[in-house]
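Okay, entry02.pdb is below, PDB, C-alpha atoms:
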ATOM      1  CA  MET A 243      -4.850   6.235 -22.544
ATOM      2  CA  LEU A 244      -2.128   8.137 -20.748
ATOM      3  CA  GLY A 245       0.714   6.092 -22.202
ATOM      4  CA  ARG A 246       3.935   7.286 -20.692
ATOM      5  CA  THR A 247       2.283   9.066 -17.763
ATOM      6  CA  TYR A 248       4.233   6.734 -15.560
ATOM      7  CA  ASP A 249       7.918   6.241 -15.584
ATOM      8  CA  LYS A 250       9.394   3.647 -13.317
ATOM      9  CA  GLU A 251      11.977   6.065 -11.953
ATOM     10  CA  VAL A 252       9.634   9.014 -11.629
ATOM     11  CA  CYS A 253       6.716   7.875  -9.555
ATOM     12  CA  SER A 254       6.130   8.417  -5.881
ATOM     13  CA  ALA A 255       4.233   5.140  -5.511
ATOM     14  CA  ALA A 256       7.255   3.330  -6.955
ATOM     15  CA  ARG A 257       9.548   5.224  -4.618
ATOM     16  CA  ALA A 258       7.379   4.353  -1.653
ATOM     17  CA  LEU A 259       7.576   0.733  -2.721
ATOM     18  CA  GLU A 260      11.349   0.869  -2.903
ATOM     19  CA  ILE A 261      11.347   1.723   0.772
ATOM     20  CA  ALA A 262       8.450  -0.193   2.209
ATOM     21  CA  GLY A 263       7.000  -2.381  -0.508
ATOM     22  CA  GLU A 264       8.736  -5.589   0.291
ATOM     23  CA  ARG A 265       6.448  -7.976   2.158
ATOM     24  CA  TRP A 266       8.543  -8.316   5.316
ATOM     25  CA  SER A 267       9.137  -4.591   5.465
ATOM     26  CA  LEU A 268       5.449  -3.895   5.489
ATOM     27  CA  LEU A 269       4.709  -6.478   8.158
ATOM     28  CA  ILE A 270       7.476  -5.041  10.345
ATOM     29  CA  LEU A 271       6.088  -1.527   9.866
ATOM     30  CA  ARG A 272       2.605  -2.794  10.680
ATOM     31  CA  ASN A 273       3.743  -4.388  13.935
ATOM     32  CA  ALA A 274       5.685  -1.277  14.914
ATOM     33  CA  ALA A 275       2.818   1.059  14.043
ATOM     34  CA  PHE A 276      -0.159  -0.848  15.384
ATOM     35  CA  ALA A 277       1.132  -3.452  17.841
ATOM     36  CA  GLY A 278       3.623  -1.102  19.518
ATOM     37  CA  MET A 279       6.606  -3.384  18.946
ATOM     38  CA  THR A 280      10.070  -1.927  19.446
ATOM     39  CA  ARG A 281      12.347  -4.899  20.207
ATOM     40  CA  PHE A 282      14.150  -7.142  17.739
ATOM     41  CA  THR A 283      13.005 -10.284  19.566
ATOM     42  CA  ASP A 284       9.351  -9.209  19.469
ATOM     43  CA  PHE A 285       9.429  -8.608  15.707
ATOM     44  CA  GLN A 286      11.281 -11.855  15.249
ATOM     45  CA  LYS A 287       8.871 -13.999  17.279
ATOM     46  CA  SER A 288       5.690 -12.403  15.961
ATOM     47  CA  LEU A 289       6.662 -12.683  12.304
ATOM     48  CA  ASP A 290       8.731 -15.855  12.386
ATOM     49  CA  ILE A 291      11.254 -14.075  10.193
ATOM     50  CA  ALA A 292      14.906 -15.073   9.756
ATOM     51  CA  PRO A 293      17.088 -12.944  12.084
ATOM     52  CA  ASN A 294      19.436 -11.827   9.305
ATOM     53  CA  VAL A 295      16.499 -10.706   7.151
ATOM     54  CA  LEU A 296      14.945  -8.829  10.067
ATOM     55  CA  ALA A 297      18.263  -7.152  10.923
ATOM     56  CA  ALA A 298      18.686  -5.999   7.322
ATOM     57  CA  ARG A 299      15.137  -4.613   7.174
ATOM     58  CA  LEU A 300      15.471  -2.721  10.460
ATOM     59  CA  GLU A 301      18.824  -1.312   9.381
ATOM     60  CA  HIS A 302      17.258  -0.162   6.122
ATOM     61  CA  PHE A 303      14.454   1.556   8.068
ATOM     62  CA  VAL A 304      17.004   3.398  10.186
ATOM     63  CA  GLU A 305      18.990   4.423   7.076
ATOM     64  CA  THR A 306      15.886   5.740   5.341
ATOM     65  CA  GLU A 307      14.741   7.561   8.492
ATOM     66  CA  ILE A 308      11.573   5.541   8.930
ATOM     67  CA  MET A 309      12.850   4.402  12.314
ATOM     68  CA  THR A 310      15.345   5.548  14.885
ATOM     69  CA  THR A 311      17.196   3.164  17.120
ATOM     70  CA  SER A 312      18.308   3.611  20.724
ATOM     71  CA  PRO A 313      19.430   1.287  23.524
ATOM     72  CA  GLY A 314      16.521  -0.133  25.525
ATOM     73  CA  PRO A 315      16.443  -0.628  29.313
ATOM     74  CA  GLU A 316      18.185  -3.994  29.002
ATOM     75  CA  GLY A 317      20.893  -2.642  26.711
ATOM     76  CA  TYR A 318      19.495  -4.170  23.528
ATOM     77  CA  PRO A 319      18.598  -1.737  20.747
ATOM     78  CA  THR A 320      14.971  -0.685  20.375
ATOM     79  CA  TYR A 321      13.375   0.653  17.222
ATOM     80  CA  HIS A 322      10.880   3.498  17.072
ATOM     81  CA  LEU A 323       8.954   4.945  14.153
ATOM     82  CA  THR A 324       9.760   8.487  13.131
ATOM     83  CA  LYS A 325       7.120  10.885  11.791
ATOM     84  CA  LYS A 326       7.897   9.518   8.310
ATOM     85  CA  GLY A 327       7.287   5.989   9.614
ATOM     86  CA  LEU A 328       4.076   6.884  11.435
ATOM     87  CA  ASP A 329       2.832   8.561   8.282
ATOM     88  CA  PHE A 330       2.800   5.142   6.637
ATOM     89  CA  LYS A 331      -0.124   4.056   8.822
ATOM     90  CA  PRO A 332      -2.780   5.303   6.368
ATOM     91  CA  VAL A 333      -1.223   3.119   3.650
ATOM     92  CA  ILE A 334      -1.495   0.088   5.925
ATOM     93  CA  ILE A 335      -5.109   0.985   6.711
ATOM     94  CA  ALA A 336      -5.883   1.317   2.983
ATOM     95  CA  LEU A 337      -4.309  -2.116   2.363
ATOM     96  CA  THR A 338      -6.300  -3.599   5.231
ATOM     97  CA  GLU A 339      -9.594  -2.238   3.955
ATOM     98  CA  TRP A 340      -8.960  -3.725   0.538
ATOM     99  CA  GLY A 341      -8.068  -7.068   2.121
ATOM    100  CA  ASP A 342     -11.168  -6.907   4.322
ATOM    101  CA  ARG A 343     -13.401  -6.331   1.337
ATOM    102  CA  TRP A 344     -11.872  -8.867  -1.007
ATOM    103  CA  SER A 345     -10.202 -11.607   0.975
ATOM    104  CA  ALA A 346     -11.647 -11.802   4.467
ATOM    105  CA  PRO A 347     -14.661 -14.121   4.102
ATOM    106  CA  ASP A 348     -15.189 -14.233   7.890
ATOM    107  CA  GLY A 349     -15.190 -10.451   8.312
ATOM    108  CA  PRO A 350     -12.418  -8.086   9.455
ATOM    109  CA  PRO A 351     -10.056  -9.628  12.039
ATOM    110  CA  ILE A 352      -8.765  -6.141  12.953
ATOM    111  CA  VAL A 353     -10.514  -2.793  13.138
ATOM    112  CA  TYR A 354      -8.878   0.591  13.433
ATOM    113  CA  GLU A 355     -10.040   2.948  16.132
ATOM    114  CA  HIS A 356      -9.771   6.648  16.811
ATOM    115  CA  GLU A 357      -8.120   6.762  20.233
ATOM    116  CA  GLU A 358      -9.860   9.981  21.232
ATOM    117  CA  CYS A 359     -13.439   8.796  20.783
ATOM    118  CA  GLY A 360     -13.203   5.046  20.176
ATOM    119  CA  GLY A 361     -14.875   5.419  16.771
ATOM    120  CA  ARG A 362     -14.028   3.254  13.801
ATOM    121  CA  VAL A 363     -11.405   4.759  11.485
ATOM    122  CA  ARG A 364     -11.729   4.297   7.742
ATOM    123  CA  HIS A 365      -9.777   5.345   4.716
ATOM    124  CA  THR A 366     -11.301   7.312   1.873
ATOM    125  CA  LEU A 367     -10.585   9.371  -1.214
ATOM    126  CA  TYR A 368     -11.939  12.898  -1.440
ATOM    127  CA  CYS A 369     -11.909  15.609  -4.052
ATOM    128  CA  LYS A 370     -10.390  18.893  -2.925
ATOM    129  CA  ARG A 371     -12.537  20.869  -5.355
ATOM    130  CA  CYS A 372     -16.070  19.462  -5.077
ATOM    131  CA  GLY A 373     -15.657  17.737  -1.715
ATOM    132  CA  GLU A 374     -17.122  14.477  -2.994
ATOM    133  CA  ARG A 375     -15.740  11.014  -2.359
ATOM    134  CA  PRO A 376     -15.038   9.827  -5.882
ATOM    135  CA  ARG A 377     -15.375   6.201  -6.890
ATOM    136  CA  PRO A 378     -12.039   4.613  -7.848
ATOM    137  CA  GLN A 379     -13.065   4.428 -11.505
ATOM    138  CA  ASP A 380     -13.610   8.200 -11.559
ATOM    139  CA  VAL A 381     -10.034   9.036 -10.591
ATOM    140  CA  SER A 382      -7.311   9.476 -13.184
ATOM    141  CA  ALA A 383      -3.609  10.338 -13.079
ATOM    142  CA  ARG A 384      -2.095  13.410 -14.703
ATOM    143  CA  LYS A 385       1.607  14.088 -15.041
ATOM    144  CA  THR A 386       2.910  17.405 -13.774
ATOM    145  CA  ALA A 387       5.708  19.708 -14.897
ATOM    146  CA  VAL A 388       7.905  17.966 -12.316
ATOM    147  CA  MET A 389       7.688  14.747 -14.344
ATOM    148  CA  GLU A 390       8.958  16.486 -17.485
ATOM    149  CA  LYS A 391      11.709  18.248 -15.587
ATOM    150  CA  ILE A 392      12.993  14.994 -14.091
ATOM    151  CA  ARG A 393      12.810  13.251 -17.459
ATOM    152  CA  ARG A 394      14.752  15.994 -19.214
ATOM    153  CA  ARG A 395      17.363  15.821 -16.484
ATOM    154  CA  SER A 396      17.705  12.043 -16.766
ATOM    155  CA  ARG A 397      18.115  12.249 -20.558
ATOM    156  CA  SER A 398      20.835  14.898 -20.462
TER     157      SER A 398
ATOM    158  CA  MET B 988       1.103  -2.643  23.671
ATOM    159  CA  LEU B 989      -1.267  -4.887  21.802
ATOM    160  CA  GLY B 990       1.102  -7.839  21.618
ATOM    161  CA  ARG B 991      -0.525 -10.563  19.615
ATOM    162  CA  THR B 992      -3.101  -8.313  18.008
ATOM    163  CA  TYR B 993      -1.597  -9.289  14.702
ATOM    164  CA  ASP B 994      -1.120 -12.744  13.430
ATOM    165  CA  LYS B 995       0.638 -13.224  10.157
ATOM    166  CA  GLU B 996      -2.094 -15.485   8.832
ATOM    167  CA  VAL B 997      -5.020 -13.440  10.154
ATOM    168  CA  CYS B 998      -4.565  -9.930   8.862
ATOM    169  CA  SER B 999      -6.215  -8.331   5.882
ATOM    170  CA  ALA B1000      -3.194  -6.134   5.162
ATOM    171  CA  ALA B1001      -1.040  -9.260   4.996
ATOM    172  CA  ARG B1002      -3.577 -10.925   2.736
ATOM    173  CA  ALA B1003      -3.670  -7.901   0.473
ATOM    174  CA  LEU B1004       0.104  -8.065   0.288
ATOM    175  CA  GLU B1005       0.014 -11.730  -0.673
ATOM    176  CA  ILE B1006      -1.949 -10.698  -3.734
ATOM    177  CA  ALA B1007      -0.530  -7.339  -4.687
ATOM    178  CA  GLY B1008       2.399  -6.561  -2.439
ATOM    179  CA  GLU B1009       5.175  -7.702  -4.657
ATOM    180  CA  ARG B1010       6.864  -4.752  -6.336
ATOM    181  CA  TRP B1011       6.174  -5.756  -9.945
ATOM    182  CA  SER B1012       2.592  -6.618  -9.139
ATOM    183  CA  LEU B1013       1.940  -3.168  -7.812
ATOM    184  CA  LEU B1014       3.571  -1.438 -10.769
ATOM    185  CA  ILE B1015       1.506  -3.558 -13.171
ATOM    186  CA  LEU B1016      -1.675  -2.700 -11.251
ATOM    187  CA  ARG B1017      -0.700   0.967 -11.276
ATOM    188  CA  ASN B1018      -0.210   0.999 -15.046
ATOM    189  CA  ALA B1019      -3.484  -0.846 -15.605
ATOM    190  CA  ALA B1020      -5.408   1.409 -13.221
ATOM    191  CA  PHE B1021      -4.005   4.806 -14.081
ATOM    192  CA  ALA B1022      -2.310   4.559 -17.474
ATOM    193  CA  GLY B1023      -5.050   2.475 -19.070
ATOM    194  CA  MET B1024      -2.758  -0.321 -20.157
ATOM    195  CA  THR B1025      -4.301  -3.594 -21.251
ATOM    196  CA  ARG B1026      -1.727  -5.269 -23.528
ATOM    197  CA  PHE B1027       1.153  -7.522 -22.541
ATOM    198  CA  THR B1028       3.566  -5.601 -24.761
ATOM    199  CA  ASP B1029       2.609  -2.252 -23.224
ATOM    200  CA  PHE B1030       3.213  -3.496 -19.678
ATOM    201  CA  GLN B1031       6.432  -5.089 -20.804
ATOM    202  CA  LYS B1032       7.847  -1.998 -22.515
ATOM    203  CA  SER B1033       6.772   0.481 -19.877
ATOM    204  CA  LEU B1034       8.171  -1.489 -16.965
ATOM    205  CA  ASP B1035      11.134  -3.141 -18.640
ATOM    206  CA  ILE B1036      10.096  -6.363 -16.897
ATOM    207  CA  ALA B1037      11.182  -9.872 -17.937
ATOM    208  CA  PRO B1038       8.409 -11.440 -20.074
ATOM    209  CA  ASN B1039       8.202 -14.606 -17.958
ATOM    210  CA  VAL B1040       7.814 -12.558 -14.775
ATOM    211  CA  LEU B1041       5.136 -10.385 -16.361
ATOM    212  CA  ALA B1042       3.272 -13.434 -17.672
ATOM    213  CA  ALA B1043       3.292 -15.007 -14.203
ATOM    214  CA  ARG B1044       2.028 -11.816 -12.544
ATOM    215  CA  LEU B1045      -0.779 -11.345 -15.059
ATOM    216  CA  GLU B1046      -1.796 -14.972 -14.723
ATOM    217  CA  HIS B1047      -1.875 -14.559 -10.941
ATOM    218  CA  PHE B1048      -4.093 -11.473 -11.315
ATOM    219  CA  VAL B1049      -6.522 -13.436 -13.463
ATOM    220  CA  GLU B1050      -6.529 -16.343 -10.985
ATOM    221  CA  THR B1051      -7.216 -14.028  -8.052
ATOM    222  CA  GLU B1052      -9.927 -12.175 -10.005
ATOM    223  CA  ILE B1053      -8.131  -8.838 -10.013
ATOM    224  CA  MET B1054      -8.121  -8.953 -13.807
ATOM    225  CA  THR B1055     -10.022 -10.663 -16.555
ATOM    226  CA  THR B1056      -8.472 -11.532 -19.854
ATOM    227  CA  SER B1057     -10.018 -11.552 -23.307
ATOM    228  CA  PRO B1058      -8.718 -11.575 -26.888
ATOM    229  CA  GLY B1059      -7.967  -8.081 -28.205
ATOM    230  CA  PRO B1060      -8.678  -6.816 -31.752
ATOM    231  CA  GLU B1061      -5.387  -8.273 -33.034
ATOM    232  CA  GLY B1062      -5.968 -11.656 -31.404
ATOM    233  CA  TYR B1063      -3.535 -11.128 -28.532
ATOM    234  CA  PRO B1064      -4.959 -11.328 -25.025
ATOM    235  CA  THR B1065      -5.815  -8.097 -23.250
ATOM    236  CA  TYR B1066      -6.085  -7.641 -19.499
ATOM    237  CA  HIS B1067      -8.718  -5.576 -17.741
ATOM    238  CA  LEU B1068      -9.171  -4.748 -14.081
ATOM    239  CA  THR B1069     -12.227  -6.140 -12.354
ATOM    240  CA  LYS B1070     -14.080  -4.251  -9.604
ATOM    241  CA  LYS B1071     -11.696  -5.888  -7.124
ATOM    242  CA  GLY B1072      -8.743  -4.622  -9.152
ATOM    243  CA  LEU B1073     -10.146  -1.096  -9.540
ATOM    244  CA  ASP B1074     -10.733  -1.007  -5.803
ATOM    245  CA  PHE B1075      -6.968  -1.158  -5.328
ATOM    246  CA  LYS B1076      -6.611   2.379  -6.703
ATOM    247  CA  PRO B1077      -6.999   4.040  -3.268
ATOM    248  CA  VAL B1078      -4.080   1.952  -1.978
ATOM    249  CA  ILE B1079      -1.920   3.177  -4.855
ATOM    250  CA  ILE B1080      -3.001   6.771  -4.161
ATOM    251  CA  ALA B1081      -2.118   6.365  -0.473
ATOM    252  CA  LEU B1082       1.319   4.991  -1.433
ATOM    253  CA  THR B1083       1.836   7.870  -3.852
ATOM    254  CA  GLU B1084       1.004  10.537  -1.291
ATOM    255  CA  TRP B1085       3.436   9.025   1.174
ATOM    256  CA  GLY B1086       6.128   8.923  -1.511
ATOM    257  CA  ASP B1087       5.318  12.529  -2.494
ATOM    258  CA  ARG B1088       5.722  13.723   1.060
ATOM    259  CA  TRP B1089       8.835  11.790   1.945
ATOM    260  CA  SER B1090      10.802  11.043  -1.175
ATOM    261  CA  ALA B1091       9.903  13.466  -3.950
ATOM    262  CA  PRO B1092      12.242  16.439  -3.399
ATOM    263  CA  ASP B1093      11.152  18.073  -6.680
ATOM    264  CA  GLY B1094       7.433  17.850  -5.907
ATOM    265  CA  PRO B1095       4.815  15.348  -7.088
ATOM    266  CA  PRO B1096       5.434  14.028 -10.614
ATOM    267  CA  ILE B1097       1.848  12.757 -10.795
ATOM    268  CA  VAL B1098      -1.384  14.150  -9.417
ATOM    269  CA  TYR B1099      -4.711  12.368  -9.167
ATOM    270  CA  GLU B1100      -7.808  14.057 -10.525
ATOM    271  CA  HIS B1101     -11.520  13.653 -10.094
ATOM    272  CA  GLU B1102     -12.731  13.092 -13.650
ATOM    273  CA  GLU B1103     -16.094  14.738 -13.031
ATOM    274  CA  CYS B1104     -14.822  18.131 -11.876
ATOM    275  CA  GLY B1105     -11.062  18.077 -12.546
ATOM    276  CA  GLY B1106     -10.330  18.609  -8.832
ATOM    277  CA  ARG B1107      -7.339  17.121  -7.102
ATOM    278  CA  VAL B1108      -8.049  13.802  -5.376
ATOM    279  CA  ARG B1109      -6.447  13.083  -2.032
ATOM    280  CA  HIS B1110      -6.856  10.333   0.491
ATOM    281  CA  THR B1111      -7.544  10.666   4.156
ATOM    282  CA  LEU B1112      -8.491   8.800   7.279
ATOM    283  CA  TYR B1113     -11.772   9.696   8.930
ATOM    284  CA  CYS B1114     -13.522   8.632  12.071
ATOM    285  CA  LYS B1115     -17.002   7.238  11.558
ATOM    286  CA  ARG B1116     -18.106   8.361  15.025
ATOM    287  CA  CYS B1117     -16.833  11.920  15.476
ATOM    288  CA  GLY B1118     -16.261  12.729  11.808
ATOM    289  CA  GLU B1119     -12.755  14.018  12.451
ATOM    290  CA  ARG B1120      -9.672  13.217  10.412
ATOM    291  CA  PRO B1121      -7.431  11.603  13.001
ATOM    292  CA  ARG B1122      -3.664  11.987  12.908
ATOM    293  CA  PRO B1123      -1.884   8.658  12.231
ATOM    294  CA  GLN B1124      -0.545   8.543  15.797
ATOM    295  CA  ASP B1125      -4.109   8.708  17.152
ATOM    296  CA  VAL B1126      -5.231   5.518  15.402
ATOM    297  CA  SER B1127      -4.858   2.117  17.018
ATOM    298  CA  ALA B1128      -5.736  -1.442  15.996
ATOM    299  CA  ARG B1129      -8.168  -3.642  17.900
ATOM    300  CA  LYS B1130      -8.721  -7.314  17.243
ATOM    301  CA  THR B1131     -12.281  -8.470  16.669
ATOM    302  CA  ALA B1132     -14.132 -11.675  17.498
ATOM    303  CA  VAL B1133     -13.290 -12.833  13.972
ATOM    304  CA  MET B1134      -9.588 -12.933  14.899
ATOM    305  CA  GLU B1135     -10.262 -15.245  17.848
ATOM    306  CA  LYS B1136     -12.537 -17.441  15.782
ATOM    307  CA  ILE B1137      -9.923 -17.915  13.070
ATOM    308  CA  ARG B1138      -7.213 -18.581  15.631
ATOM    309  CA  ARG B1139      -9.283 -21.216  17.408
ATOM    310  CA  ARG B1140      -9.989 -22.869  14.087
ATOM    311  CA  SER B1141      -6.295 -22.876  13.102
ATOM    312  CA  ARG B1142      -5.307 -24.438  16.434
ATOM    313  CA  SER B1143      -7.830 -27.236  16.282
TER     314      SER B1143
END

Could you spell out this file's structure in structure tokens?
Amino acid sequence: MLGRTYDKEVCSAARALEIAGERWSLLILRNAAFAGMTRFTDFQKSLDIAPNVLAARLEHFVETEIMTTSPGPEGYPTYHLTKKGLDFKPVIIALTEWGDRWSAPDGPPIVYEHEECGGRVRHTLYCKRCGERPRPQDVSARKTAVMEKIRRRSRS
Amino acid sequence: MLGRTYDKEVCSAARALEIAGERWSLLILRNAAFAGMTRFTDFQKSLDIAPNVLAARLEHFVETEIMTTSPGPEGYPTYHLTKKGLDFKPVIIALTEWGDRWSAPDGPPIVYEHEECGGRVRHTLYCKRCGERPRPQDVSARKTAVMEKIRRRSRS
């Protein structure tokens, strides 16, 4: 029992969620990352999302440097993922694999492919020391000195 | 440009989000999976979450078979992750690594360890065909026959 290993302010998963954890945000990121969408109208039509909600989400992505915006050929703004935004793709793949395993009774509607060879791309855990792929139940969390440092700072 | 590759109803990532994508849900799962929490009061204190919200989230986890509930030694219910719930750990690890890279200026407050050897656990993408670890920008999504089947069914 790790007790206070986690602190809601001091956790990278929580921070990631602050930025991209809201349902619409993740679906927008998904469509930008894997369906190549860049235009407001394409996000809007594909997700059936309220325009004001979409505008707020895209603005938030630009503010947090997940996307950049620039005028498209027709003058309307287009939105493009930055390196930080592209780096979210493995999270989406991990989510998809979980959904495939546990709530896709017909089988996976989408597969991820390696563009260079056409092979199927999967997500996995690996151990940097022994090289094995640990089972989820064999992985635990340990707080680092950074956690203590941030906590001391927030108390003072 | 894959256009209608994604459909909001036919996507395992979207389905996974329906179950665990809400911010509180993910923090509850995280504390159950990595801090060993099982009791209502422990979740409540650690997250500073409103009791009615916590009760609803836990109930939803039991309904969707992410958790089971049973009476603890003091008579109060305890909550335990099922295999489906434990299998969400890699998603949390993927979220954490993204947060570590992009919004943890002091360094990672938490690290994940392989219990068998004490090594650091990371997540990665790998290609089943060539064995390489593709960069996020080299991974694309392709719809399968399942997608078409579900779409035909939903139209009819």

Review point. What is the CA of Arg397 (chain A)-CA of Ile1036 (chain B) distance in Å, reported with one decimal?
Key: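 Result for CA of Arg397 (chain A) versus CA of Ile1036 (chain B): 20.6 Å, one decimal.
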
Practice item. Please identify all polymer residues within 10 Å of Arg375 (chain A), counting only C-alpha atoms, omitting same-chain residues fewer than 2 positions from it, and present them as a PyMOL selection string. Key: (chain A and resi 366-370+372-373+377-378+380) or (chain B and resi 1101+1108-1110)

Atoms to include: C-alpha atoms. Write the selected residues as a PDB file, in the coordinates of the input.
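Saved file out21.pdb follows:
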ATOM      1  CA  THR A 366     -11.301   7.312   1.873  1.00  0.00           C
ATOM      2  CA  LEU A 367     -10.585   9.371  -1.214  1.00  0.00           C
ATOM      3  CA  TYR A 368     -11.939  12.898  -1.440  1.00  0.00           C
ATOM      4  CA  CYS A 369     -11.909  15.609  -4.052  1.00  0.00           C
ATOM      5  CA  LYS A 370     -10.390  18.893  -2.925  1.00  0.00           C
ATOM      6  CA  CYS A 372     -16.070  19.462  -5.077  1.00  0.00           C
ATOM      7  CA  GLY A 373     -15.657  17.737  -1.715  1.00  0.00           C
ATOM      8  CA  ARG A 377     -15.375   6.201  -6.890  1.00  0.00           C
ATOM      9  CA  PRO A 378     -12.039   4.613  -7.848  1.00  0.00           C
ATOM     10  CA  ASP A 380     -13.610   8.200 -11.559  1.00  0.00           C
TER      11      ASP A 380
ATOM     12  CA  HIS B1101     -11.520  13.653 -10.094  1.00  0.00           C
ATOM     13  CA  VAL B1108      -8.049  13.802  -5.376  1.00  0.00           C
ATOM     14  CA  ARG B1109      -6.447  13.083  -2.032  1.00  0.00           C
ATOM     15  CA  HIS B1110      -6.856  10.333   0.491  1.00  0.00           C
TER      16      HIS B1110
END

Exercise for review: Between B:Ile1097, B:Lys1076, B:Glu1050, B:Ala1000, single out the one closest to Phe276 (chain A), counting only C-alpha atoms.
Suggested key: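 Of all the options, B:Ala1000 lies closest to Phe276 (chain A).
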
Practice item. Figure out the distance between CA of Phe1075 (chain B) and CA of Arg1010 (chain B), please, to one decimal in Å. Key: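 Going from CA of Arg1010 (chain B) over to CA of Phe1075 (chain B) covers 14.3 Å.
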
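Using all atoms listed in the file, the nearest neighbour of chain B within the list A:Cys359, A:Met309, A:Ile270, A:Leu300 is A:Cys359.
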
**Study point:** Which of A:Pro332, A:Arg371, A:Leu296, A:Gly317 sits closest to Tyr354 (chain A) [using all atoms listed in the file]
**Key:**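 Selected residue with least distance to Tyr354 (chain A): A:Pro332.
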
Practice item. Select, from B:Ser1127, B:Asp1074, B:Arg1138, B:Ala1132, the residue with the minimum atom-to-atom distance to Ala277 (chain A), counting all atoms listed in the file. Key: B:Ser1127

**Study point:** Selected residue, from B:Ala1003, B:Thr1069, B:Thr1051, B:Ala1042, that lies nearest to Ala1019 (chain B) when counting only C-alpha atoms
**Key:**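 Ranking B:Ala1003, B:Thr1069, B:Thr1051, B:Ala1042 by distance to Ala1019 (chain B), first place goes to B:Thr1069.
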
Show me a table, sorted first by chain and then by increasing residue number, of the residues of region 1004-1099 of chain B having an atom at most 9 Å from region 333-349 of chain A, each with its shortest atom pair and the distance in Å to one decimal, counting all atoms listed in the file and written as CSV.
residue,atom,partner,partner_atom,distance
B:Leu1004,CA,A:Leu337,CA,7.7
B:Lys1071,CA,A:Trp344,CA,6.8
B:Asp1074,CA,A:Trp340,CA,7.1
B:Phe1075,CA,A:Trp340,CA,6.7
B:Pro1077,CA,A:Ala336,CA,6.9
B:Val1078,CA,A:Ala336,CA,5.3
B:Ile1079,CA,A:Val333,CA,8.5
B:Ile1080,CA,A:Val333,CA,8.8
B:Ala1081,CA,A:Val333,CA,5.3
B:Leu1082,CA,A:Val333,CA,6.0
B:Trp1085,CA,A:Val333,CA,7.9

**Study point:** Point-to-point distance in Å for CA of Phe1030 (chain B) and CA of Pro1058 (chain B)
**Key:** 16.1 Å

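Residue nearest Gly1072 (chain B), chosen from B:Arg1017, B:Ser1033, B:Arg1140, B:Met1134 and counting all atoms listed in the file: B:Arg1017.
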
Check your understanding: Near region 278-281 of chain A, within 12 Å and counting only C-alpha atoms, which residues show up once chain neighbours fewer than 3 positions away are dropped, as an NGL selection string?
Key -> (:A and (269-275 or 284-289 or 296-297 or 300 or 309-323 or 328)) or (:B and (988-993 or 1124 or 1126-1128))

Please write out, as JSON, where the centre of an axis-aligned box around all listed atoms of region 325-340 of chain A lies and how long its edges are, in Å to one decimal, after adding 8 Å on each side.
{"center_x": -0.8, "center_y": 3.6, "center_z": 6.2, "size_x": 33.5, "size_y": 30.6, "size_z": 27.3}

Where atoms are absent from region 1033-1041 of chain B, fill them in so it carries N, CA, C and O atoms, then output it as a CSV table (one decimal), in the frame of the given file.
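Output saved as rebuild26.csv:
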chain,number,residue,atom,x,y,z
B,1033,SER,N,6.8,-0.6,-20.8
B,1033,SER,CA,6.8,0.5,-19.9
B,1033,SER,C,7.5,0.1,-18.6
B,1033,SER,O,8.1,1.0,-18.0
B,1034,LEU,N,7.5,-1.1,-18.2
B,1034,LEU,CA,8.2,-1.5,-17.0
B,1034,LEU,C,9.5,-2.1,-17.1
B,1034,LEU,O,10.3,-2.3,-16.2
B,1035,ASP,N,9.9,-2.5,-18.4
B,1035,ASP,CA,11.1,-3.1,-18.6
B,1035,ASP,C,11.3,-4.4,-17.8
B,1035,ASP,O,12.3,-4.6,-17.1
B,1036,ILE,N,10.2,-5.2,-17.8
B,1036,ILE,CA,10.1,-6.4,-16.9
B,1036,ILE,C,10.3,-7.6,-17.8
B,1036,ILE,O,10.0,-7.6,-18.9
B,1037,ALA,N,10.9,-8.6,-17.2
B,1037,ALA,CA,11.2,-9.9,-17.9
B,1037,ALA,C,9.8,-10.5,-18.3
B,1037,ALA,O,8.9,-10.6,-17.5
B,1038,PRO,N,9.7,-10.9,-19.6
B,1038,PRO,CA,8.4,-11.4,-20.1
B,1038,PRO,C,7.9,-12.6,-19.2
B,1038,PRO,O,6.7,-12.6,-19.0
B,1039,ASN,N,8.7,-13.5,-18.7
B,1039,ASN,CA,8.2,-14.6,-18.0
B,1039,ASN,C,7.7,-14.1,-16.6
B,1039,ASN,O,6.7,-14.7,-16.1
B,1040,VAL,N,8.3,-13.1,-16.0
B,1040,VAL,CA,7.8,-12.6,-14.8
B,1040,VAL,C,6.5,-11.9,-15.0
B,1040,VAL,O,5.5,-12.1,-14.3
B,1041,LEU,N,6.4,-11.1,-16.1
B,1041,LEU,CA,5.1,-10.4,-16.4
B,1041,LEU,C,4.0,-11.4,-16.6
B,1041,LEU,O,2.9,-11.2,-16.1
